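First comes the structure, then the notes that go with it.
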Amino acid sequence: MIKWQLGTVVELRPETPRVASLYLDVPDWPGHRAGQHVDVRLTADDGYQTERSYSIASAPEDRRLALTVERLEDGEVSPYLVGELRVGDKLELRGPIGGFFVWQATDDQAERPLLLVAGGSGIVPLMSMLRHRAAASRKPPACLLDSSRTLEDVIYVQELARLAAAGDGLSVHHTLTREKPSGWTGYTRRIDAAMVEDVAWPKDAMPAVFVCGPTSFVEAAAQLLVAMDYDPRWIKTERFGATGG
Amino acid sequence: MVDMTLDGNAIAGLLREIFAMEMTNALGTCGSCGAVNEVGRVEVYVHAPGTVVRCPSCEHVLMRIVRGRGKYWIDLSGVRCLEFAEA
């Protein structure tokens, strides 16, 4: 049985108007792999409890555990985490959880190019992978295709630019589905075959693919990649659902 | 309806309450169509009373898990076999 434990919030960092990263000090954290998540449990004064899963954003190499949370106005948990939680507060969590949607630079699979496809806050576990890759001695070529509604909604925009500028084989491509800001040179449409052909490898390169985002986004992206003849066994997906909380 | 669907990653924590191992890499054989998929790839519905897990190939119900009143009720009759590595 995996135990609940308390973490202390040591930093809150706004990422977009609706998204923030929570940096936690968790005593005896057993370590994690990039792509895993934690379950967070809130308990009300009357004893009512509710749980949600949040992807870990930090790399295994990072000293502090970071979660990045999108505030959903009708949610039960996220409006507390993004809006009410303060530095010094305690948060009940258990983890790390999951083992399927995981990428490790030391695995045999890490020889393959890494294609990461993110919809909105689906970037979070993929960012853990990119931070892990940046810290790893062995770096396969990597490509991030990141779909956001507007420029203001792009999570980690500056850090992604820095990682891409390191010149270590990572390319980062943004697409905006709801606006075209003046001077914007990136894509402004939903992810499609032409976009994947532009930025990623042909199927013969057999990339390891990770797709994360809202359910409809993940279904569309996975179907697209399968239709482009990417090997389904090498496409791993994680769905957030339409709501959550 | 498609947006109600989650996948096996979403119940990794719940399955860790029940099984001694991390289960999303376990291979499950569908009792109806025989498809073998990692638990991370199955379809999961958490809006039903309890959690319903369906085969991603044929949508047959693989598992039903209900937790409440201090108990678990687990119906695994739709899974022919679960295969996973020793810790």
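Chain identifiers are assigned as A, B, and so on, following the order in which chains appear in the structure tokens; residues are numbered from 1 within each chain, and ligands are numbered from 1 in order of appearance.
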Using only C-alpha atoms, I'd like a table of the residues in range 90-186 of chain A that come within 12 Å of range 67-84 of chain A; for each, show the closest atom pair and its distance in Å rounded to one decimal, ordered by chain and ascending number, as JSON lines.
```
{"residue": "A:Lys90", "atom": "CA", "partner": "A:Leu81", "partner_atom": "CA", "distance": 11.1}
{"residue": "A:Leu91", "atom": "CA", "partner": "A:Leu81", "partner_atom": "CA", "distance": 9.2}
{"residue": "A:Glu92", "atom": "CA", "partner": "A:Leu81", "partner_atom": "CA", "distance": 11.6}
{"residue": "A:Leu93", "atom": "CA", "partner": "A:Leu67", "partner_atom": "CA", "distance": 11.2}
{"residue": "A:Pro96", "atom": "CA", "partner": "A:Leu67", "partner_atom": "CA", "distance": 11.8}
{"residue": "A:Gly120", "atom": "CA", "partner": "A:Glu70", "partner_atom": "CA", "distance": 9.1}
{"residue": "A:Ser121", "atom": "CA", "partner": "A:Glu70", "partner_atom": "CA", "distance": 6.7}
{"residue": "A:Gly122", "atom": "CA", "partner": "A:Glu70", "partner_atom": "CA", "distance": 10.0}
{"residue": "A:Ile123", "atom": "CA", "partner": "A:Thr68", "partner_atom": "CA", "distance": 9.4}
{"residue": "A:Val124", "atom": "CA", "partner": "A:Thr68", "partner_atom": "CA", "distance": 6.4}
{"residue": "A:Pro125", "atom": "CA", "partner": "A:Thr68", "partner_atom": "CA", "distance": 9.2}
{"residue": "A:Leu126", "atom": "CA", "partner": "A:Thr68", "partner_atom": "CA", "distance": 11.5}
{"residue": "A:Met127", "atom": "CA", "partner": "A:Thr68", "partner_atom": "CA", "distance": 9.9}
{"residue": "A:Ser128", "atom": "CA", "partner": "A:Leu67", "partner_atom": "CA", "distance": 9.8}
{"residue": "A:Asp153", "atom": "CA", "partner": "A:Glu70", "partner_atom": "CA", "distance": 10.3}
{"residue": "A:Val154", "atom": "CA", "partner": "A:Glu70", "partner_atom": "CA", "distance": 11.7}
{"residue": "A:Ile155", "atom": "CA", "partner": "A:Thr68", "partner_atom": "CA", "distance": 9.2}
{"residue": "A:Tyr156", "atom": "CA", "partner": "A:Thr68", "partner_atom": "CA", "distance": 9.9}
```
For this session: Could you please tell me, as JSON, numbers by chain, which residues of chain A have an atom within 12 Å of chain B when using only C-alpha atoms?
Result: {"A": [1, 2, 3, 4, 35, 36, 37, 38, 39, 40, 41, 51, 52, 53, 54, 55, 93, 94, 95, 96, 97, 98, 99, 100, 101, 102, 212, 213, 214, 215, 216, 217, 218, 219, 220, 222, 232, 233, 234, 235, 236, 237, 238, 239, 240, 241, 242, 243, 244]}
Selection to disk with C-alpha atoms, as a JSON list (two decimals), in the first residue's frame:
```json
[["chain", "number", "residue", "atom", "x", "y", "z"],
["A", 1, "MET", "CA", 0.00, 0.00, 0.00],
["A", 2, "ILE", "CA", 1.36, 3.35, -1.00],
["A", 3, "LYS", "CA", 1.29, 5.80, 1.89],
["A", 4, "TRP", "CA", -0.09, 9.32, 2.08],
["A", 35, "GLY", "CA", 6.05, 10.96, -16.58],
["A", 36, "GLN", "CA", 4.79, 9.72, -13.21],
["A", 37, "HIS", "CA", 2.15, 11.52, -11.16],
["A", 38, "VAL", "CA", 1.04, 11.97, -7.58],
["A", 39, "ASP", "CA", -2.40, 11.78, -6.04],
["A", 40, "VAL", "CA", -3.31, 14.86, -4.00],
["A", 41, "ARG", "CA", -5.92, 14.59, -1.25],
["A", 51, "GLU", "CA", -8.49, 13.19, -4.48],
["A", 52, "ARG", "CA", -7.05, 14.18, -7.84],
["A", 53, "SER", "CA", -4.02, 13.08, -9.83],
["A", 54, "TYR", "CA", -1.42, 15.62, -10.93],
["A", 55, "SER", "CA", 1.57, 14.97, -13.13],
["A", 93, "LEU", "CA", -0.04, 13.47, -1.38],
["A", 94, "ARG", "CA", 1.03, 9.97, -2.32],
["A", 95, "GLY", "CA", 3.37, 8.83, -5.03],
["A", 96, "PRO", "CA", 5.11, 8.49, -7.29],
["A", 97, "ILE", "CA", 2.36, 6.68, -9.19],
["A", 98, "GLY", "CA", 2.32, 5.08, -12.63],
["A", 99, "GLY", "CA", 4.87, 3.22, -14.70],
["A", 100, "PHE", "CA", 3.44, 3.04, -18.21],
["A", 101, "PHE", "CA", 3.66, 6.70, -19.29],
["A", 102, "VAL", "CA", 7.30, 6.99, -18.29],
["A", 212, "CYS", "CA", -0.72, 13.91, -23.25],
["A", 213, "GLY", "CA", -3.67, 16.26, -23.00],
["A", 214, "PRO", "CA", -7.44, 16.40, -22.84],
["A", 215, "THR", "CA", -9.11, 13.19, -24.02],
["A", 216, "SER", "CA", -10.31, 14.57, -27.37],
["A", 217, "PHE", "CA", -6.85, 15.97, -28.13],
["A", 218, "VAL", "CA", -5.13, 12.69, -27.28],
["A", 219, "GLU", "CA", -7.58, 10.61, -29.32],
["A", 220, "ALA", "CA", -7.13, 12.87, -32.36],
["A", 222, "ALA", "CA", -2.98, 9.23, -31.56],
["A", 232, "PRO", "CA", 1.09, 1.94, -32.14],
["A", 233, "ARG", "CA", 3.24, 0.01, -29.66],
["A", 234, "TRP", "CA", 5.56, 3.00, -29.47],
["A", 235, "ILE", "CA", 2.79, 5.54, -28.96],
["A", 236, "LYS", "CA", 1.97, 6.02, -25.30],
["A", 237, "THR", "CA", -0.92, 8.23, -24.30],
["A", 238, "GLU", "CA", -2.27, 9.82, -21.15],
["A", 239, "ARG", "CA", -5.71, 11.45, -21.04],
["A", 240, "PHE", "CA", -6.75, 14.17, -18.63],
["A", 241, "GLY", "CA", -10.47, 13.93, -19.45],
["A", 242, "ALA", "CA", -12.62, 16.91, -20.25],
["A", 243, "THR", "CA", -12.99, 18.09, -16.70],
["A", 244, "GLY", "CA", -11.41, 16.90, -13.54]]
```
Exercise. Which of these residues is nearest to Val26 in chain A, using only C-alpha atoms: A:Leu170, A:Val157, A:Ala66, A:Leu176?
Worked result: A:Ala66
Exercise. For Leu82 in chain B, which residue among B:Ser57, B:Gly68, B:Gly50, B:Leu62 is the nearest when counting only C-alpha atoms?
Worked result: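 So, comparing all the options, the nearest one is B:Leu62.
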For this session: Tell me, as a VMD selection string, which residues lie within 10 Å of Val79 in chain B, counting only C-alpha atoms; anything in the same chain fewer than 4 positions away does not count.
Result: chain B and resid 28 to 32 34 36 54 to 55 60 to 63 75
For this session: Just list the residues in chain B DSSP gives strand (DSSP E or B) on the backbone, as number ranges by chain.
Result: B: 6-7, 27-30, 36-38, 43-45, 51-54, 61-68, 71-75, 79-83
Write the residues you've just listed into a file as an mmCIF file, in the first residue's frame, and include C-alpha atoms for each of them.
```cif
data_model
loop_
_atom_site.group_PDB
_atom_site.id
_atom_site.type_symbol
_atom_site.label_atom_id
_atom_site.label_comp_id
_atom_site.auth_asym_id
_atom_site.auth_seq_id
_atom_site.Cartn_x
_atom_site.Cartn_y
_atom_site.Cartn_z
ATOM 1 C CA LEU B 6 -9.757 8.274 -19.320
ATOM 2 C CA ASP B 7 -7.084 5.619 -19.544
ATOM 3 C CA LEU B 27 -0.538 -6.930 -19.494
ATOM 4 C CA GLY B 28 -4.239 -7.699 -19.370
ATOM 5 C CA THR B 29 -5.935 -10.229 -21.664
ATOM 6 C CA CYS B 30 -9.528 -9.377 -22.556
ATOM 7 C CA VAL B 36 -3.620 -8.070 -24.829
ATOM 8 C CA ASN B 37 -2.979 -4.502 -23.702
ATOM 9 C CA GLU B 38 -0.971 -2.797 -21.008
ATOM 10 C CA GLU B 43 -10.329 2.710 -21.265
ATOM 11 C CA VAL B 44 -11.389 3.980 -17.861
ATOM 12 C CA TYR B 45 -14.686 5.567 -16.836
ATOM 13 C CA THR B 51 -14.678 2.743 -11.771
ATOM 14 C CA VAL B 52 -15.364 0.839 -14.980
ATOM 15 C CA VAL B 53 -12.458 -0.435 -17.089
ATOM 16 C CA ARG B 54 -13.062 -1.449 -20.697
ATOM 17 C CA VAL B 61 -15.927 -4.562 -19.479
ATOM 18 C CA LEU B 62 -12.655 -5.821 -17.991
ATOM 19 C CA MET B 63 -12.939 -4.646 -14.397
ATOM 20 C CA ARG B 64 -15.317 -2.896 -12.056
ATOM 21 C CA ILE B 65 -13.965 -1.415 -8.868
ATOM 22 C CA VAL B 66 -16.112 0.203 -6.201
ATOM 23 C CA ARG B 67 -14.671 1.714 -3.056
ATOM 24 C CA GLY B 68 -16.870 2.955 -0.259
ATOM 25 C CA LYS B 71 -14.600 -1.554 1.639
ATOM 26 C CA TYR B 72 -13.607 -2.482 -1.896
ATOM 27 C CA TRP B 73 -15.724 -4.484 -4.333
ATOM 28 C CA ILE B 74 -13.649 -5.738 -7.270
ATOM 29 C CA ASP B 75 -15.073 -7.568 -10.292
ATOM 30 C CA VAL B 79 -10.023 -10.171 -17.562
ATOM 31 C CA ARG B 80 -8.775 -13.595 -18.589
ATOM 32 C CA CYS B 81 -5.244 -12.992 -17.363
ATOM 33 C CA LEU B 82 -3.120 -10.286 -15.766
ATOM 34 C CA GLU B 83 0.626 -10.622 -16.284
#
```
Problem set entry | Atom-to-atom span, CA of Leu160 in chain A and CA of Ala34 in chain A, Å |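 Pair CA of Leu160 in chain A / CA of Ala34 in chain A returns 16.4 Å.
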Seminar exercise, completed: One decimal place gives the CA of Leu114 in chain A-CA of Pro207 in chain A separation as 5.5 Å
For this session: From a DSSP calculation on the backbone, collect every residue of chain B in helix (DSSP H, G or I) and output the set as a list in words.
Result: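 Going through chain B, the helix (DSSP H, G or I) residues come out as Val2, Asp3, Met4, Gly8, Asn9, Ala10, Ile11, Ala12, Gly13, Leu14, Leu15, Arg16, Glu17, Ile18, Val39, Gly40 and Arg41 of chain B.
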Exercise: Leu65 in chain A partners within 8 Å, only C-alpha atoms, chain neighbours under 6 positions left out, as a CSV table (one decimal) with C-alpha atoms, in the first residue's frame:
```csv
chain,number,residue,atom,x,y,z
A,23,TYR,CA,7.2,23.4,-5.5
A,24,LEU,CA,7.1,21.0,-2.6
A,25,ASP,CA,9.5,19.8,0.0
A,26,VAL,CA,8.5,16.2,0.6
A,56,ILE,CA,5.0,15.6,-11.7
A,57,ALA,CA,6.7,18.5,-13.6
A,58,SER,CA,10.1,18.3,-12.1
```
Exercise. Hey, can you check how far CA of Arg133 in chain A sits from CA of Ala166 in chain A?
Worked result: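 If I compute the distance from CA of Arg133 in chain A to CA of Ala166 in chain A, I get 12.0 Å.
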